[in-house]
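S.K.: Take a look at this one; I'll ask things after.
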Protein chains: 2
Amino acid sequence: MKSAKKLNNTQLPKISVAKMEGACQEVSDLLRALSHPQRLLIMGHLTQGPKTVTELTGLCAVSQSQLSQFLGRMKAEGLVSSERQGKYQYYAVADKRLVQLMAVIQNIFCC
Amino acid sequence: MKSAKKLNNTQLPKISVAKMEGACQEVSDLLRALSHPQRLLIMGHLTQGPKTVTELTGLCAVSQSQLSQFLGRMKAEGLVSSERQGKYQYYAVADKRLVQLMAVIQNIFCC
DNA sequence: TTTTCATATTAACATATCATAATATGTTAA
DNA sequence: TTAACATATTATGATATGTTAATATGAAAA
């Protein structure tokens with residue numbers, strides 16, 4: 001408990017840059033896919049449960065075309081999955097880790 | 001404990017989309033500023049403590065020019081701060097919340 | 001004061017993204 | 001089968017980003 005260094009170590013989260021090196025391309029792709037106000041909001045809504053494109057149109061201020069393009073891209077990037085049910089296409093968060101991430105982002109930056 | 005819904009609620013992190021709406025522009029700007037493999041790595045290294053541009057050049061595979069441009073942008077976006085000491089410019093993570101975020105990202109996605 | 005080292009800026013071009021409009025496809029109901 | 005609704009695709013132009021090379025600034029050492 002003596003040195004400032006040790007004290008510091010107990011306060012700061014432990015980060016391994018080495019581990020990050022192997023994943024930085026994948027992670028930065030993910031962050032980029034999230035890095036649009038509307039896409040972030042879409043993800044936020046989808047963390048609440050699957051939604052149709054029509055429902056999302058009501059929830060986000062985006063045109064049908066752009067919403068479809070956003071969802072297409074987010075699906076290609078692995079952020080969301082989709083499943084057709086009748087005439088509706090349901091989109092959902094593809095990976096529980098993304099729900100975690102969204103929750104953390106909100107807790108840290110949306111107070 | 002009966003319904004699947006309640007069970008679900010206890011497992012999922014709580015997210016308020018309303019809170020996110022007010023911050024989504026700011027947050028998406030932040031995520032975009034992080035959304036480059038080298039910038040992510042730079043941030044990773046800076047979470048370990050302040051570094052000079054020369055040190056970072058040794059740690060990341062980026063040209064001097066690009067590194068300086070990245071750092072300039074990251075500073076403009078509020079991700080890092082800088083302080084000149086003699087002939088060296090020290091860069092550091094600007095906000096503890098960013099260290100938190102980096103740690104979470106690593107824990108979730110860099111296993 | 002000249003040289004050297006550290007860092008920043010500018011220019012130029014390729015590629016990616018954003019936003020909008022128009023059109024196409026797929027599904028259900030009439 | 002046609003009409004109506006839900007979703008996807010394509011095209012286009014504006015803007016942003018990534019990358020590299022060249023040059024400029026600023027501090028310290030010789």
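Letters A, B, ... mark the chains of the structure tokens in the order given; residue numbers begin at 1 per chain; ligand numbers begin at 1, in order shown.
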Residues of chain C that approach chain B to 12 Å or less, counting only C-alpha atoms (C1' of nucleotides): could you list each one with the shortest pair of atoms and its distance in Å to one decimal, rows by chain and increasing residue number, as CSV?
M.R.:
```
residue,atom,partner,partner_atom,distance
C:DT4,C1',B:Lys87,CA,11.9
C:DC5,C1',B:Lys87,CA,8.5
C:DA6,C1',B:Lys87,CA,6.2
C:DT7,C1',B:Ser68,CA,7.3
C:DA8,C1',B:Ser68,CA,6.9
C:DT9,C1',B:Gln69,CA,9.1
C:DT10,C1',B:Ser65,CA,11.1
C:DT17,C1',B:Arg32,CA,11.9
```
S.K.: Within 10 Å of DT20 in chain C, counting only C-alpha atoms (C1' of nucleotides), which residues show up once you throw out same-chain ones fewer than 6 positions away? Write them as a ChimeraX atom specification, please.
M.R.: /A:63,65-66 /D:12-13
S.K.: Least-squares fit on all C-alpha atoms, paired in order: put chain B onto chain A and return it as a PDB file with C-alpha atoms, in the first residue's frame.
M.R.:
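Full text of part.pdb as output:
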```
ATOM      1  CA  MET B   1      -0.070   0.073  -0.006  1.00  0.00           C
ATOM      2  CA  LYS B   2       2.948   2.332   0.153  1.00  0.00           C
ATOM      3  CA  SER B   3       3.749   3.479  -3.344  1.00  0.00           C
ATOM      4  CA  ALA B   4       1.534   5.618  -5.535  1.00  0.00           C
ATOM      5  CA  LYS B   5       2.174   3.075  -8.250  1.00  0.00           C
ATOM      6  CA  LYS B   6       0.677   0.229  -6.292  1.00  0.00           C
ATOM      7  CA  LEU B   7      -2.234   2.333  -5.218  1.00  0.00           C
ATOM      8  CA  ASN B   8      -2.779   3.241  -8.807  1.00  0.00           C
ATOM      9  CA  ASN B   9      -2.741  -0.369  -9.871  1.00  0.00           C
ATOM     10  CA  THR B  10      -5.525  -1.222  -7.515  1.00  0.00           C
ATOM     11  CA  GLN B  11      -7.702   1.552  -8.884  1.00  0.00           C
ATOM     12  CA  LEU B  12      -7.199   1.152 -12.606  1.00  0.00           C
ATOM     13  CA  PRO B  13      -8.907  -1.605 -14.571  1.00  0.00           C
ATOM     14  CA  LYS B  14      -6.441  -4.130 -15.891  1.00  0.00           C
ATOM     15  CA  ILE B  15      -5.925  -3.935 -19.602  1.00  0.00           C
ATOM     16  CA  SER B  16      -3.767  -6.168 -21.745  1.00  0.00           C
ATOM     17  CA  VAL B  17      -2.700  -4.390 -24.880  1.00  0.00           C
ATOM     18  CA  ALA B  18      -1.355  -7.661 -26.247  1.00  0.00           C
ATOM     19  CA  LYS B  19      -4.816  -9.224 -26.178  1.00  0.00           C
ATOM     20  CA  MET B  20      -6.214  -6.147 -27.824  1.00  0.00           C
ATOM     21  CA  GLU B  21      -3.745  -6.299 -30.680  1.00  0.00           C
ATOM     22  CA  GLY B  22      -5.159  -9.545 -31.939  1.00  0.00           C
ATOM     23  CA  ALA B  23      -8.704  -8.261 -31.877  1.00  0.00           C
ATOM     24  CA  CYS B  24      -8.371  -4.593 -32.730  1.00  0.00           C
ATOM     25  CA  GLN B  25      -9.491  -4.954 -36.323  1.00  0.00           C
ATOM     26  CA  GLU B  26     -12.596  -6.875 -35.360  1.00  0.00           C
ATOM     27  CA  VAL B  27     -13.383  -4.586 -32.448  1.00  0.00           C
ATOM     28  CA  SER B  28     -12.865  -1.420 -34.428  1.00  0.00           C
ATOM     29  CA  ASP B  29     -15.177  -2.751 -37.129  1.00  0.00           C
ATOM     30  CA  LEU B  30     -17.778  -3.327 -34.457  1.00  0.00           C
ATOM     31  CA  LEU B  31     -17.352   0.137 -32.984  1.00  0.00           C
ATOM     32  CA  ARG B  32     -17.584   1.708 -36.392  1.00  0.00           C
ATOM     33  CA  ALA B  33     -20.776  -0.159 -37.141  1.00  0.00           C
ATOM     34  CA  LEU B  34     -22.183   1.363 -33.931  1.00  0.00           C
ATOM     35  CA  SER B  35     -20.782   4.816 -34.559  1.00  0.00           C
ATOM     36  CA  HIS B  36     -23.810   6.539 -35.989  1.00  0.00           C
ATOM     37  CA  PRO B  37     -26.467   8.199 -33.840  1.00  0.00           C
ATOM     38  CA  GLN B  38     -29.324   6.351 -35.482  1.00  0.00           C
ATOM     39  CA  ARG B  39     -27.571   3.010 -35.577  1.00  0.00           C
ATOM     40  CA  LEU B  40     -26.751   3.365 -31.903  1.00  0.00           C
ATOM     41  CA  LEU B  41     -30.374   4.135 -31.183  1.00  0.00           C
ATOM     42  CA  ILE B  42     -31.530   1.203 -33.283  1.00  0.00           C
ATOM     43  CA  MET B  43     -29.263  -1.047 -31.244  1.00  0.00           C
ATOM     44  CA  GLY B  44     -30.647   0.483 -28.077  1.00  0.00           C
ATOM     45  CA  HIS B  45     -34.179  -0.323 -29.109  1.00  0.00           C
ATOM     46  CA  LEU B  46     -33.212  -3.836 -30.148  1.00  0.00           C
ATOM     47  CA  THR B  47     -31.697  -4.503 -26.743  1.00  0.00           C
ATOM     48  CA  GLN B  48     -35.292  -4.263 -25.501  1.00  0.00           C
ATOM     49  CA  GLY B  49     -36.301  -7.139 -27.740  1.00  0.00           C
ATOM     50  CA  PRO B  50     -36.797  -7.970 -31.430  1.00  0.00           C
ATOM     51  CA  LYS B  51     -38.516  -5.354 -33.566  1.00  0.00           C
ATOM     52  CA  THR B  52     -39.865  -5.153 -37.089  1.00  0.00           C
ATOM     53  CA  VAL B  53     -38.618  -2.562 -39.536  1.00  0.00           C
ATOM     54  CA  THR B  54     -41.959  -0.818 -39.300  1.00  0.00           C
ATOM     55  CA  GLU B  55     -41.712  -0.628 -35.525  1.00  0.00           C
ATOM     56  CA  LEU B  56     -38.212   0.771 -35.765  1.00  0.00           C
ATOM     57  CA  THR B  57     -39.377   3.348 -38.274  1.00  0.00           C
ATOM     58  CA  GLY B  58     -41.764   4.576 -35.621  1.00  0.00           C
ATOM     59  CA  LEU B  59     -39.080   4.617 -32.939  1.00  0.00           C
ATOM     60  CA  CYS B  60     -36.254   6.233 -34.886  1.00  0.00           C
ATOM     61  CA  ALA B  61     -36.338   9.277 -37.111  1.00  0.00           C
ATOM     62  CA  VAL B  62     -35.015   7.533 -40.197  1.00  0.00           C
ATOM     63  CA  SER B  63     -36.443   6.982 -43.638  1.00  0.00           C
ATOM     64  CA  GLN B  64     -37.512   3.496 -44.596  1.00  0.00           C
ATOM     65  CA  SER B  65     -34.709   3.240 -47.101  1.00  0.00           C
ATOM     66  CA  GLN B  66     -32.004   4.332 -44.752  1.00  0.00           C
ATOM     67  CA  LEU B  67     -33.310   2.126 -41.971  1.00  0.00           C
ATOM     68  CA  SER B  68     -33.217  -0.862 -44.260  1.00  0.00           C
ATOM     69  CA  GLN B  69     -29.698   0.038 -45.339  1.00  0.00           C
ATOM     70  CA  PHE B  70     -28.561   0.492 -41.753  1.00  0.00           C
ATOM     71  CA  LEU B  71     -30.056  -2.827 -40.745  1.00  0.00           C
ATOM     72  CA  GLY B  72     -28.488  -4.508 -43.735  1.00  0.00           C
ATOM     73  CA  ARG B  73     -25.113  -3.175 -42.801  1.00  0.00           C
ATOM     74  CA  MET B  74     -25.516  -4.017 -39.135  1.00  0.00           C
ATOM     75  CA  LYS B  75     -26.467  -7.532 -40.113  1.00  0.00           C
ATOM     76  CA  ALA B  76     -23.459  -7.839 -42.402  1.00  0.00           C
ATOM     77  CA  GLU B  77     -21.265  -6.709 -39.515  1.00  0.00           C
ATOM     78  CA  GLY B  78     -22.807  -9.270 -37.194  1.00  0.00           C
ATOM     79  CA  LEU B  79     -24.530  -6.811 -34.888  1.00  0.00           C
ATOM     80  CA  VAL B  80     -28.049  -7.977 -35.581  1.00  0.00           C
ATOM     81  CA  SER B  81     -29.848 -10.983 -36.936  1.00  0.00           C
ATOM     82  CA  SER B  82     -33.150 -11.102 -38.766  1.00  0.00           C
ATOM     83  CA  GLU B  83     -35.988 -13.526 -39.145  1.00  0.00           C
ATOM     84  CA  ARG B  84     -39.007 -13.201 -41.337  1.00  0.00           C
ATOM     85  CA  GLN B  85     -42.402 -13.899 -39.803  1.00  0.00           C
ATOM     86  CA  GLY B  86     -45.170 -13.519 -42.310  1.00  0.00           C
ATOM     87  CA  LYS B  87     -44.894 -10.129 -43.864  1.00  0.00           C
ATOM     88  CA  TYR B  88     -42.708  -8.744 -41.123  1.00  0.00           C
ATOM     89  CA  GLN B  89     -38.981  -8.979 -40.790  1.00  0.00           C
ATOM     90  CA  TYR B  90     -37.901  -9.147 -37.169  1.00  0.00           C
ATOM     91  CA  TYR B  91     -34.491  -7.823 -36.259  1.00  0.00           C
ATOM     92  CA  ALA B  92     -32.729  -8.667 -33.011  1.00  0.00           C
ATOM     93  CA  VAL B  93     -29.363  -8.146 -31.347  1.00  0.00           C
ATOM     94  CA  ALA B  94     -27.157 -10.915 -32.662  1.00  0.00           C
ATOM     95  CA  ASP B  95     -24.954 -11.449 -29.636  1.00  0.00           C
ATOM     96  CA  LYS B  96     -25.478 -11.078 -25.894  1.00  0.00           C
ATOM     97  CA  ARG B  97     -22.091  -9.434 -25.566  1.00  0.00           C
ATOM     98  CA  LEU B  98     -23.482  -6.538 -27.554  1.00  0.00           C
ATOM     99  CA  VAL B  99     -26.276  -6.094 -25.044  1.00  0.00           C
ATOM    100  CA  GLN B 100     -23.625  -6.003 -22.342  1.00  0.00           C
ATOM    101  CA  LEU B 101     -21.667  -3.423 -24.271  1.00  0.00           C
ATOM    102  CA  MET B 102     -24.715  -1.248 -24.843  1.00  0.00           C
ATOM    103  CA  ALA B 103     -25.542  -1.381 -21.150  1.00  0.00           C
ATOM    104  CA  VAL B 104     -22.028  -0.385 -20.174  1.00  0.00           C
ATOM    105  CA  ILE B 105     -21.934   2.437 -22.678  1.00  0.00           C
ATOM    106  CA  GLN B 106     -25.169   3.734 -21.312  1.00  0.00           C
ATOM    107  CA  ASN B 107     -24.077   3.459 -17.715  1.00  0.00           C
ATOM    108  CA  ILE B 108     -20.829   5.254 -18.388  1.00  0.00           C
ATOM    109  CA  PHE B 109     -21.894   7.933 -20.831  1.00  0.00           C
ATOM    110  CA  CYS B 110     -25.634   8.480 -20.608  1.00  0.00           C
ATOM    111  CA  CYS B 111     -26.134   9.759 -17.067  1.00  0.00           C
TER     112      CYS B 111
END
```
S.K.: For C1' of DT7 in chain D and C1' of DA21 in chain C, determine how far apart the two atoms are, in Å to one decimal place.
M.R.: 16.3 Å
S.K.: If DSSP is run on the backbone, what residues of chain B are strand (DSSP E)? A reply as a CSV table (one decimal) with N, CA and C atoms, in the first residue's frame would be ideal.
M.R.:
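Result file follows (states.csv):
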```
chain,number,residue,atom,x,y,z
B,51,LYS,N,2.2,8.8,-22.9
B,51,LYS,CA,3.3,8.4,-23.8
B,51,LYS,C,3.6,9.5,-24.8
B,52,THR,N,4.9,9.6,-25.2
B,52,THR,CA,5.2,10.5,-26.2
B,52,THR,C,4.9,10.0,-27.6
B,80,VAL,N,-8.1,12.2,-25.9
B,80,VAL,CA,-6.8,12.4,-25.3
B,80,VAL,C,-6.5,13.8,-25.0
B,81,SER,N,-5.6,14.0,-24.1
B,81,SER,CA,-5.0,15.3,-23.8
B,81,SER,C,-3.6,15.3,-24.1
B,82,SER,N,-2.9,16.5,-24.2
B,82,SER,CA,-1.5,16.5,-24.5
B,82,SER,C,-0.8,17.6,-23.7
B,83,GLU,N,0.4,17.3,-23.4
B,83,GLU,CA,1.2,18.3,-22.6
B,83,GLU,C,2.6,18.2,-23.0
B,84,ARG,N,3.2,19.3,-23.4
B,84,ARG,CA,4.6,19.3,-23.8
B,84,ARG,C,5.5,19.4,-22.6
B,85,GLN,N,6.5,18.5,-22.7
B,85,GLN,CA,7.6,18.6,-21.7
B,85,GLN,C,8.9,18.5,-22.4
B,88,TYR,N,9.5,16.8,-25.9
B,88,TYR,CA,8.5,15.7,-26.1
B,88,TYR,C,7.0,16.2,-25.8
B,89,GLN,N,6.1,15.6,-26.6
B,89,GLN,CA,4.7,15.9,-26.3
B,89,GLN,C,4.1,14.6,-25.7
B,90,TYR,N,3.6,14.8,-24.5
B,90,TYR,CA,3.0,13.6,-23.9
B,90,TYR,C,1.5,13.6,-24.1
B,91,TYR,N,1.1,12.5,-24.5
B,91,TYR,CA,-0.4,12.3,-24.7
B,91,TYR,C,-0.9,11.3,-23.6
B,92,ALA,N,-2.1,11.6,-23.2
B,92,ALA,CA,-2.7,10.8,-22.2
B,92,ALA,C,-4.2,10.6,-22.4
B,93,VAL,N,-4.8,9.6,-21.8
B,93,VAL,CA,-6.3,9.5,-21.9
B,93,VAL,C,-6.9,10.6,-21.2
```
S.K.: Which of range 46-110 of chain B end up as helix (DSSP H, G or I) when DSSP is run on this backbone - answer as a VMD selection string?
M.R.: chain B and resid 46 53 to 59 64 to 76 96 to 109
S.K.: Within 10 Å of chain A, which residues of chain D show up when using only C-alpha atoms (C1' of nucleotides), listed as a ChimeraX atom specification?
M.R.: /D:5-9
S.K.: Please indicate the distance in Å from C1' of DA19 in chain C to C1' of DG18 in chain D, rounded to one decimal place.
M.R.: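 Distance between the two atoms: 21.7 Å.
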